[in-house]
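Everything below belongs to input.cif, which stores mmCIF, C-alpha atoms.
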```
data_final
#
loop_
_atom_site.label_atom_id
_atom_site.label_comp_id
_atom_site.auth_asym_id
_atom_site.auth_seq_id
_atom_site.Cartn_x
_atom_site.Cartn_y
_atom_site.Cartn_z
CA MET A 249 87.38 80.88 190.61
CA ALA A 250 88.38 84.53 190.75
CA SER A 251 86.73 86.59 193.44
CA HIS A 252 86.44 90.31 192.85
CA THR A 253 84.00 93.14 193.52
CA GLU A 254 81.43 93.12 190.74
CA THR A 255 81.39 96.20 188.48
CA VAL A 256 79.60 96.83 185.22
CA ALA A 257 82.90 96.29 183.36
CA LEU A 258 83.76 93.12 185.28
CA ARG A 259 80.82 91.03 186.31
CA GLU A 260 81.06 88.08 188.64
CA GLN A 261 81.17 85.35 186.03
CA PHE A 262 84.16 86.73 184.12
CA GLU A 263 87.86 86.44 185.00
CA THR A 264 88.90 89.75 183.46
CA ALA A 265 87.23 92.82 181.95
CA GLY A 266 88.89 91.94 178.65
CA GLN A 267 87.23 88.55 178.65
CA GLN A 268 83.83 90.13 179.35
CA LYS A 269 84.22 92.57 176.49
CA GLU A 270 85.31 89.80 174.12
CA ALA A 271 82.28 87.72 175.13
CA SER A 272 79.88 90.61 174.49
CA THR A 273 81.48 91.46 171.17
CA LEU A 274 81.48 87.83 170.03
CA GLY A 275 77.81 87.60 170.97
CA MET A 276 76.95 90.55 168.73
CA TRP A 277 79.03 89.12 165.86
CA ILE A 278 77.18 85.79 166.12
CA PHE A 279 73.86 87.64 165.99
CA LEU A 280 75.08 89.51 162.90
CA VAL A 281 75.96 86.18 161.28
CA THR A 282 72.34 85.06 161.78
CA GLU A 283 71.26 88.36 160.19
CA VAL A 284 73.50 87.59 157.19
CA MET A 285 71.54 84.39 156.66
CA PHE A 286 68.25 86.28 157.17
CA PHE A 287 69.01 88.80 154.43
CA GLY A 288 70.84 86.10 152.46
CA GLY A 289 67.58 84.30 151.77
CA LEU A 290 66.12 87.41 150.14
CA PHE A 291 69.31 88.05 148.17
CA LEU A 292 69.15 84.45 146.93
CA ALA A 293 65.52 84.84 145.84
CA TYR A 294 66.53 87.96 143.94
CA MET A 295 69.45 86.12 142.29
CA VAL A 296 67.23 83.24 141.17
CA TYR A 297 64.47 85.40 139.68
CA ARG A 298 66.90 87.84 138.09
CA GLY A 299 68.57 84.82 136.47
CA LEU A 300 65.21 83.62 135.16
CA PHE A 301 63.89 86.96 133.88
CA PRO A 302 66.93 89.16 133.15
CA ASP A 303 65.30 91.50 130.60
CA ILE A 304 62.16 92.18 132.62
CA PHE A 305 64.14 92.73 135.83
CA SER A 306 66.49 95.05 133.99
CA THR A 307 63.65 97.16 132.63
CA ALA A 308 62.01 97.31 136.06
CA SER A 309 65.32 98.21 137.72
CA ASN A 310 65.81 101.09 135.31
CA THR A 311 62.74 102.83 136.77
CA LEU A 312 64.69 103.39 139.99
CA ASN A 313 66.52 106.69 140.38
CA ILE A 314 70.24 105.86 140.36
CA VAL A 315 71.33 109.30 141.60
CA ILE A 316 69.04 109.20 144.62
CA GLY A 317 70.24 105.66 145.37
CA ALA A 318 73.90 106.70 145.16
CA VAL A 319 73.37 109.77 147.35
CA ASN A 320 71.54 107.65 149.91
CA THR A 321 74.44 105.20 149.88
CA ALA A 322 76.82 108.09 150.60
CA VAL A 323 74.57 109.30 153.44
CA LEU A 324 74.66 105.85 155.06
CA LEU A 325 78.44 105.58 154.66
CA CYS A 326 78.69 109.00 156.34
CA SER A 327 76.61 107.69 159.25
CA SER A 328 78.98 104.74 159.60
CA PHE A 329 81.87 107.21 159.76
CA THR A 330 80.22 109.25 162.50
CA MET A 331 79.35 106.00 164.32
CA VAL A 332 82.96 104.79 164.39
CA LEU A 333 83.97 108.27 165.58
CA ALA A 334 81.47 107.86 168.44
CA VAL A 335 83.14 104.58 169.41
CA HIS A 336 86.54 106.26 169.14
CA ALA A 337 85.31 109.10 171.38
CA ALA A 338 84.27 106.50 173.97
CA GLN A 339 87.70 104.84 173.72
CA ILE A 340 89.46 108.12 174.54
CA GLY A 341 86.88 109.12 177.15
CA SER A 342 85.38 112.20 175.54
CA ARG A 343 81.74 112.31 176.74
CA LYS A 344 80.73 115.36 174.69
CA ALA A 345 82.14 113.85 171.49
CA ILE A 346 80.28 110.56 172.01
CA VAL A 347 77.01 112.50 172.32
CA VAL A 348 77.73 114.69 169.28
CA PHE A 349 78.67 111.77 167.04
CA LEU A 350 75.72 109.64 168.16
CA ILE A 351 73.36 112.53 167.36
CA LEU A 352 75.00 112.99 163.93
CA THR A 353 74.67 109.26 163.22
CA MET A 354 70.98 109.35 164.13
CA LEU A 355 70.39 112.42 161.96
CA LEU A 356 72.10 110.87 158.94
CA GLY A 357 70.13 107.66 159.47
CA GLY A 358 67.00 109.79 159.56
CA VAL A 359 67.95 111.43 156.26
CA PHE A 360 68.39 107.99 154.70
CA LEU A 361 64.96 106.87 155.89
CA GLY A 362 63.38 110.11 154.68
CA VAL A 363 64.85 109.66 151.19
CA LYS A 364 63.67 106.04 151.22
CA ALA A 365 60.15 107.19 152.08
CA TYR A 366 60.28 109.65 149.17
CA GLU A 367 61.40 106.87 146.80
CA TRP A 368 58.64 104.55 147.97
CA ASN A 369 56.09 107.30 147.53
CA GLU A 370 57.33 107.77 143.97
CA LYS A 371 56.78 104.05 143.35
CA PHE A 372 53.24 104.32 144.74
CA GLU A 373 52.45 107.19 142.39
CA GLU A 374 53.94 105.43 139.37
CA HIS A 375 51.83 102.33 140.04
CA HIS A 376 54.90 100.18 140.61
CA VAL A 377 53.63 98.71 143.88
CA PRO A 378 52.67 95.03 143.41
CA GLY A 379 48.93 94.61 143.61
CA PRO A 380 45.75 95.24 141.65
CA SER A 381 46.83 98.70 140.42
CA PHE A 382 50.30 97.58 139.29
CA ASN A 383 51.30 98.63 135.81
CA LEU A 384 54.80 98.88 134.38
CA GLU A 385 54.61 101.15 131.34
CA ASN A 386 55.62 99.75 127.93
CA MET A 387 55.58 96.18 129.20
CA ALA A 388 53.42 93.48 127.61
CA PRO A 389 50.50 92.28 129.78
CA ASP A 390 51.85 88.74 130.00
CA LYS A 391 55.10 90.09 131.49
CA GLN A 392 53.52 92.32 134.12
CA GLY A 393 53.51 89.45 136.62
CA HIS A 394 57.26 88.97 136.33
CA ALA A 395 57.81 92.71 136.55
CA GLN A 396 55.78 92.72 139.77
CA LEU A 397 58.25 90.13 141.07
CA PHE A 398 61.08 92.64 140.84
CA PHE A 399 59.12 95.21 142.79
CA SER A 400 57.98 92.66 145.38
CA LEU A 401 61.63 91.89 146.04
CA TYR A 402 62.51 95.61 145.95
CA PHE A 403 59.95 96.48 148.63
CA ALA A 404 60.70 93.36 150.72
CA MET A 405 64.47 93.91 150.72
CA THR A 406 64.52 97.68 151.19
CA GLY A 407 61.64 97.37 153.66
CA LEU A 408 63.45 94.81 155.79
CA HIS A 409 66.56 97.00 155.62
CA ALA A 410 64.57 100.09 156.64
CA LEU A 411 63.06 98.15 159.57
CA HIS A 412 66.59 97.30 160.72
CA MET A 413 67.52 100.98 160.43
CA ILE A 414 64.55 102.03 162.55
CA ILE A 415 65.54 99.48 165.21
CA GLY A 416 69.07 100.86 164.92
CA GLU A 417 67.80 104.39 165.55
CA GLY A 418 66.11 103.07 168.70
CA LEU A 419 69.38 101.49 169.86
CA LEU A 420 71.26 104.73 169.14
CA LEU A 421 68.71 106.71 171.18
CA PHE A 422 69.30 104.34 174.09
CA LEU A 423 73.07 104.79 173.72
CA LEU A 424 72.59 108.56 173.49
CA PHE A 425 70.79 108.77 176.83
CA HIS A 426 73.42 106.67 178.58
CA ALA A 427 76.29 108.52 176.93
CA TYR A 428 74.81 111.84 178.03
CA ALA A 429 74.55 110.46 181.58
CA GLY A 430 78.27 109.74 181.48
CA LYS A 431 77.95 105.95 181.68
CA TYR A 432 80.61 105.26 179.04
CA THR A 433 84.31 105.48 179.86
CA PRO A 434 87.47 104.04 178.31
CA LYS A 435 87.13 101.25 180.86
CA TYR A 436 83.59 100.39 179.80
CA TYR A 437 82.06 101.37 176.50
CA THR A 438 80.97 97.95 175.24
CA PRO A 439 77.35 99.00 174.42
CA VAL A 440 78.66 101.75 172.12
CA ASP A 441 81.04 99.28 170.50
CA ILE A 442 78.44 96.59 169.79
CA GLY A 443 75.83 99.20 168.84
CA GLY A 444 78.36 100.31 166.26
CA LEU A 445 78.75 96.74 164.99
CA TYR A 446 74.98 96.55 164.39
CA TRP A 447 74.91 99.90 162.60
CA HIS A 448 77.84 99.00 160.35
CA PHE A 449 76.22 95.71 159.50
CA VAL A 450 73.04 97.46 158.33
CA ASP A 451 75.31 99.70 156.24
CA ILE A 452 76.97 96.63 154.66
CA ILE A 453 73.56 95.24 153.70
CA TRP A 454 72.81 98.48 151.84
CA ILE A 455 76.27 98.34 150.21
CA PHE A 456 75.03 95.19 148.46
CA LEU A 457 71.40 96.27 147.99
CA PHE A 458 72.35 99.41 146.05
CA PRO A 459 74.26 97.79 143.15
CA LEU A 460 71.97 94.75 142.94
CA LEU A 461 68.71 96.70 142.85
CA TYR A 462 69.75 99.95 141.14
CA LEU A 463 72.85 99.35 139.02
CA ILE A 464 72.91 95.92 137.41
CA GLY A 465 71.33 95.78 134.00
CA ARG A 466 71.53 99.44 133.14
CA HIS A 467 72.49 98.38 129.64
CA HIS A 468 70.86 95.01 129.39
CA HIS A 469 68.79 95.02 126.20
CA MET B 262 92.60 95.48 178.62
CA ARG B 263 94.81 97.49 176.31
CA GLU B 264 93.50 97.37 172.79
CA HIS B 265 94.69 98.92 169.59
CA ILE B 266 92.85 102.21 169.01
CA ASP B 267 92.78 103.26 165.36
CA SER B 268 93.33 106.95 164.62
CA VAL B 269 90.67 109.31 163.31
CA LYS B 270 92.91 109.78 160.26
CA THR B 271 92.67 106.05 159.47
CA TYR B 272 88.89 106.18 159.67
CA ALA B 273 88.85 109.30 157.48
CA PHE B 274 90.93 107.57 154.80
CA VAL B 275 88.60 104.55 154.82
CA PHE B 276 85.55 106.85 154.61
CA VAL B 277 86.92 108.71 151.61
CA ALA B 278 87.79 105.37 149.95
CA LEU B 279 84.23 104.17 150.51
CA LEU B 280 82.77 107.34 148.93
CA ALA B 281 85.15 107.03 145.97
CA LEU B 282 84.18 103.39 145.42
CA THR B 283 80.49 104.36 145.55
CA ALA B 284 81.05 107.00 142.87
CA LEU B 285 83.08 104.50 140.83
CA THR B 286 80.47 101.76 140.92
CA THR B 287 77.72 104.25 139.97
CA LEU B 288 79.69 105.60 136.99
CA VAL B 289 80.86 102.19 135.78
CA ALA B 290 77.26 100.96 135.77
CA GLU B 291 76.49 103.39 132.94
CA VAL B 292 79.21 101.81 130.74
CA ASP B 293 78.08 98.73 128.88
CA MET B 294 80.51 95.92 129.60
CA GLY B 295 78.12 93.02 129.10
CA PRO B 296 78.43 90.29 131.74
CA LEU B 297 81.35 92.16 133.33
CA ASN B 298 78.96 94.77 134.74
CA VAL B 299 77.63 92.34 137.35
CA ALA B 300 81.10 91.08 138.26
CA VAL B 301 82.55 94.57 138.66
CA ALA B 302 79.59 95.82 140.71
CA LEU B 303 79.82 92.85 143.08
CA LEU B 304 83.61 93.10 143.32
CA ILE B 305 83.38 96.77 144.35
CA ALA B 306 80.62 95.90 146.85
CA VAL B 307 82.82 93.19 148.38
CA ILE B 308 85.75 95.63 148.70
CA LYS B 309 83.47 98.17 150.41
CA MET B 310 82.21 95.44 152.75
CA LEU B 311 85.78 94.47 153.65
CA LEU B 312 86.71 98.09 154.36
CA VAL B 313 83.72 98.56 156.68
CA ALA B 314 84.25 95.17 158.40
CA LEU B 315 88.02 95.34 158.83
CA PHE B 316 88.32 99.01 159.83
CA PHE B 317 84.98 100.37 161.07
CA MET B 318 84.00 97.11 162.78
CA HIS B 319 87.56 96.58 164.05
CA LEU B 320 87.73 93.06 162.66
CA ARG B 321 91.45 93.39 161.98
CA HIS B 322 92.10 93.79 165.69
CA SER B 323 89.53 91.24 166.80
CA PRO B 324 90.34 87.91 168.46
CA VAL B 325 90.80 84.93 166.14
CA LEU B 326 87.57 83.34 167.41
CA THR B 327 85.58 86.33 166.14
CA LYS B 328 87.27 86.10 162.74
CA VAL B 329 86.45 82.38 162.60
CA MET B 330 82.80 83.13 163.35
CA VAL B 331 82.60 85.70 160.56
CA CYS B 332 84.28 83.37 158.06
CA GLY B 333 81.88 80.64 159.15
CA GLY B 334 78.90 82.88 158.50
CA LEU B 335 80.16 83.81 155.05
CA LEU B 336 80.83 80.14 154.33
CA TRP B 337 77.24 79.25 155.23
CA LEU B 338 75.94 82.02 152.98
CA PHE B 339 78.17 80.70 150.21
CA ILE B 340 76.72 77.19 150.66
CA LEU B 341 73.18 78.59 150.50
CA MET B 342 73.86 80.49 147.29
CA VAL B 343 76.01 77.93 145.49
CA LEU B 344 73.87 74.87 146.13
CA THR B 345 70.63 76.65 145.25
CA MET B 346 72.04 78.24 142.10
CA ALA B 347 73.56 74.87 141.08
CA ASP B 348 70.05 73.43 141.24
CA PHE B 349 68.50 76.16 139.12
CA VAL B 350 71.26 76.44 136.59
CA SER B 351 71.33 72.69 135.95
CA ARG B 352 67.61 72.31 135.32
CA ASN B 353 66.70 71.03 131.85
CA TRP B 354 70.15 69.47 131.52
CA LEU B 355 68.77 65.97 131.79
CA PRO B 356 65.75 64.63 129.89
CA VAL B 357 63.87 63.68 133.05
CA PRO B 358 60.11 63.38 132.60
CA GLY B 359 58.06 66.05 134.33
CA VAL B 360 60.95 68.50 134.77
#
```
Represent the structure of the file as structure tokens.
Amino acid sequence: MASHTETVALREQFETAGQQKEASTLGMWIFLVTEVMFFGGLFLAYMVYRGLFPDIFSTASNTLNIVIGAVNTAVLLCSSFTMVLAVHAAQIGSRKAIVVFLILTMLLGGVFLGVKAYEWNEKFEEHHVPGPSFNLENMAPDKQGHAQLFFSLYFAMTGLHALHMIIGEGLLLFLLFHAYAGKYTPKYYTPVDIGGLYWHFVDIIWIFLFPLLYLIGRHHH
Amino acid sequence: MREHIDSVKTYAFVFVALLALTALTTLVAEVDMGPLNVAVALLIAVIKMLLVALFFMHLRHSPVLTKVMVCGGLLWLFILMVLTMADFVSRNWLPVPGV
């Protein structure tokens, strides 16, 4: 049993700081694996219903704006870049840079959410929100129900993703305060590291959401 | 603990690659390739995922246990998808009453 003075980088129950960091990182990865299964269920539902109603889903998908979706994807990728630069700044001990890159990441995430809100609003105005006022133009009445299915999945999947982004923004704000207070050094920057893992994961989910919701079936007729 | 710190240049290369792949998948979607459209879109998405996971999430420098966990998660997702789709795809194959 190793006995050493407890610090934030080396708590009592760990042998070495390296072991502690590995334990924290592994813990976050395991949580992300559970999140994969969480989103996986929705992706599966989408796969099944797209397989059953390919034409209707294709027509519904074509009402989404592919340019806005692509730009939003680029915005999120940019935020992942600034996030990894924040982690890098922590690794080399540059307090100012951590703060700057965390702020940039939060701003880009905010842009993504703003664009998403605009897209959702567009869907509301076009009567593409599942419910009593749903109507997909040029679609037979007996197919409206299946068309609603696409939009139910669209709102559920992008909504769950947006919720994860909002939680991510909260985590980044927490990291920002602590980074500003100088709590992160090359010896201890684990919270920035695992916060980055969460943020990148949410980015990966969108990397799959974009093609599946916006791109597939552009020419399916 | 000394760990491998990737350079900003590495991250920049990966970022540019990710943007290029996004542009590629968006443009390719407008070309009608029949069933290949889905395959290509998913292939590009998987490549982007690998770039983010291996470089941005430092998976290439992670301990083996972490890599095993990630592979395990992907395996479980694979089981979920494959078994469920096998059920759906094989319906109406057998003349079972009530199905």
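In this structure, CA of Gly289 in chain A sits 24.5 Å away from CA of Leu320 in chain B.
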6 Å contacts from chain B to chain A using all atoms listed in the file, as a PDB file with C-alpha atoms, in the frame of the given file:
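Here's the written file out-v4.pdb:
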```
ATOM      1  CA  MET B 262      92.600  95.480 178.620  1.00  0.00           C
ATOM      2  CA  ALA B 290      77.260 100.960 135.770  1.00  0.00           C
ATOM      3  CA  ASP B 293      78.080  98.730 128.880  1.00  0.00           C
ATOM      4  CA  VAL B 299      77.630  92.340 137.350  1.00  0.00           C
ATOM      5  CA  ALA B 306      80.620  95.900 146.850  1.00  0.00           C
ATOM      6  CA  MET B 310      82.210  95.440 152.750  1.00  0.00           C
ATOM      7  CA  PHE B 317      84.980 100.370 161.070  1.00  0.00           C
ATOM      8  CA  MET B 318      84.000  97.110 162.780  1.00  0.00           C
ATOM      9  CA  THR B 327      85.580  86.330 166.140  1.00  0.00           C
ATOM     10  CA  GLY B 334      78.900  82.880 158.500  1.00  0.00           C
TER      11      GLY B 334
END
```
What residues have an atom no more than 9 Å from (61.4, 102.7, 133.6) in the file's own frame, counting all atoms listed in the file, and can you write them as a VMD selection string? chain A and resid 307 to 312 384 to 386
Let me know the residues the PyMOL selection byres ((chain A and resi 356) around 8) catches in the file above, as a list of chain:residue names. A:Val323, A:Leu324, A:Cys326, A:Ser327, A:Leu352, A:Thr353, A:Met354, A:Leu355, A:Gly357, A:Gly358, A:Val359, A:Phe360
So which residues get picked by the PyMOL selection byres ((chain A and resi 407-414) around 8) here, written as a ChimeraX atom specification? /A:357,361,402-406,415-418,447,450,453-454
For the residues in the current selection, export C-alpha atoms as a compact mmCIF listing (two decimals), in the frame of the given file.
```txt
# COMPACT_ATOMS: atom_id res chain seq x y z
CA GLY A 357 70.13 107.66 159.47
CA LEU A 361 64.96 106.87 155.89
CA TYR A 402 62.51 95.61 145.95
CA PHE A 403 59.95 96.48 148.63
CA ALA A 404 60.70 93.36 150.72
CA MET A 405 64.47 93.91 150.72
CA THR A 406 64.52 97.68 151.19
CA ILE A 415 65.54 99.48 165.21
CA GLY A 416 69.07 100.86 164.92
CA GLU A 417 67.80 104.39 165.55
CA GLY A 418 66.11 103.07 168.70
CA TRP A 447 74.91 99.90 162.60
CA VAL A 450 73.04 97.46 158.33
CA ILE A 453 73.56 95.24 153.70
CA TRP A 454 72.81 98.48 151.84
```
Evaluating the PyMOL selection byres ((chain B and resi 305) around 12) on the displayed file yields which residues, as JSON, numbers by chain? {"A": [455, 456, 458, 459, 460], "B": [278, 279, 280, 281, 282, 283, 284, 285, 286, 287, 289, 290, 298, 299, 300, 301, 302, 303, 304, 306, 307, 308, 309, 310, 311, 312]}
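Interatomic distance, CA of Lys270 in chain B to CA of Cys332 in chain B: 27.9 Å.
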I'd like the neighbourhood of Val347 in chain A as an NGL selection string, where a residue qualifies if any of its atoms comes within 8 Å (using all atoms listed in the file), though same-chain residues fewer than 5 positions away should be ignored. :A and (334 or 424 or 427-428)
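The environment of Val256 in chain A within 12 Å, counting only C-alpha atoms and disregarding residues fewer than 4 places along the same chain, consists of A:Glu260, A:Gln261, A:Phe262, A:Thr264, A:Ala265, A:Gln268, A:Lys269, A:Lys431, A:Tyr432, A:Thr433, A:Lys435, A:Tyr436, A:Tyr437, A:Thr438, A:Pro439.
What separates CA of Leu290 in chain A from CA of Leu420 in chain A is a distance of 26.2 Å.
Considering the residues B:Phe349, B:Val275, B:Pro356, B:His265 and counting all atoms listed in the file, Tyr297 in chain A has its shortest atom-to-atom contact with B:Phe349.
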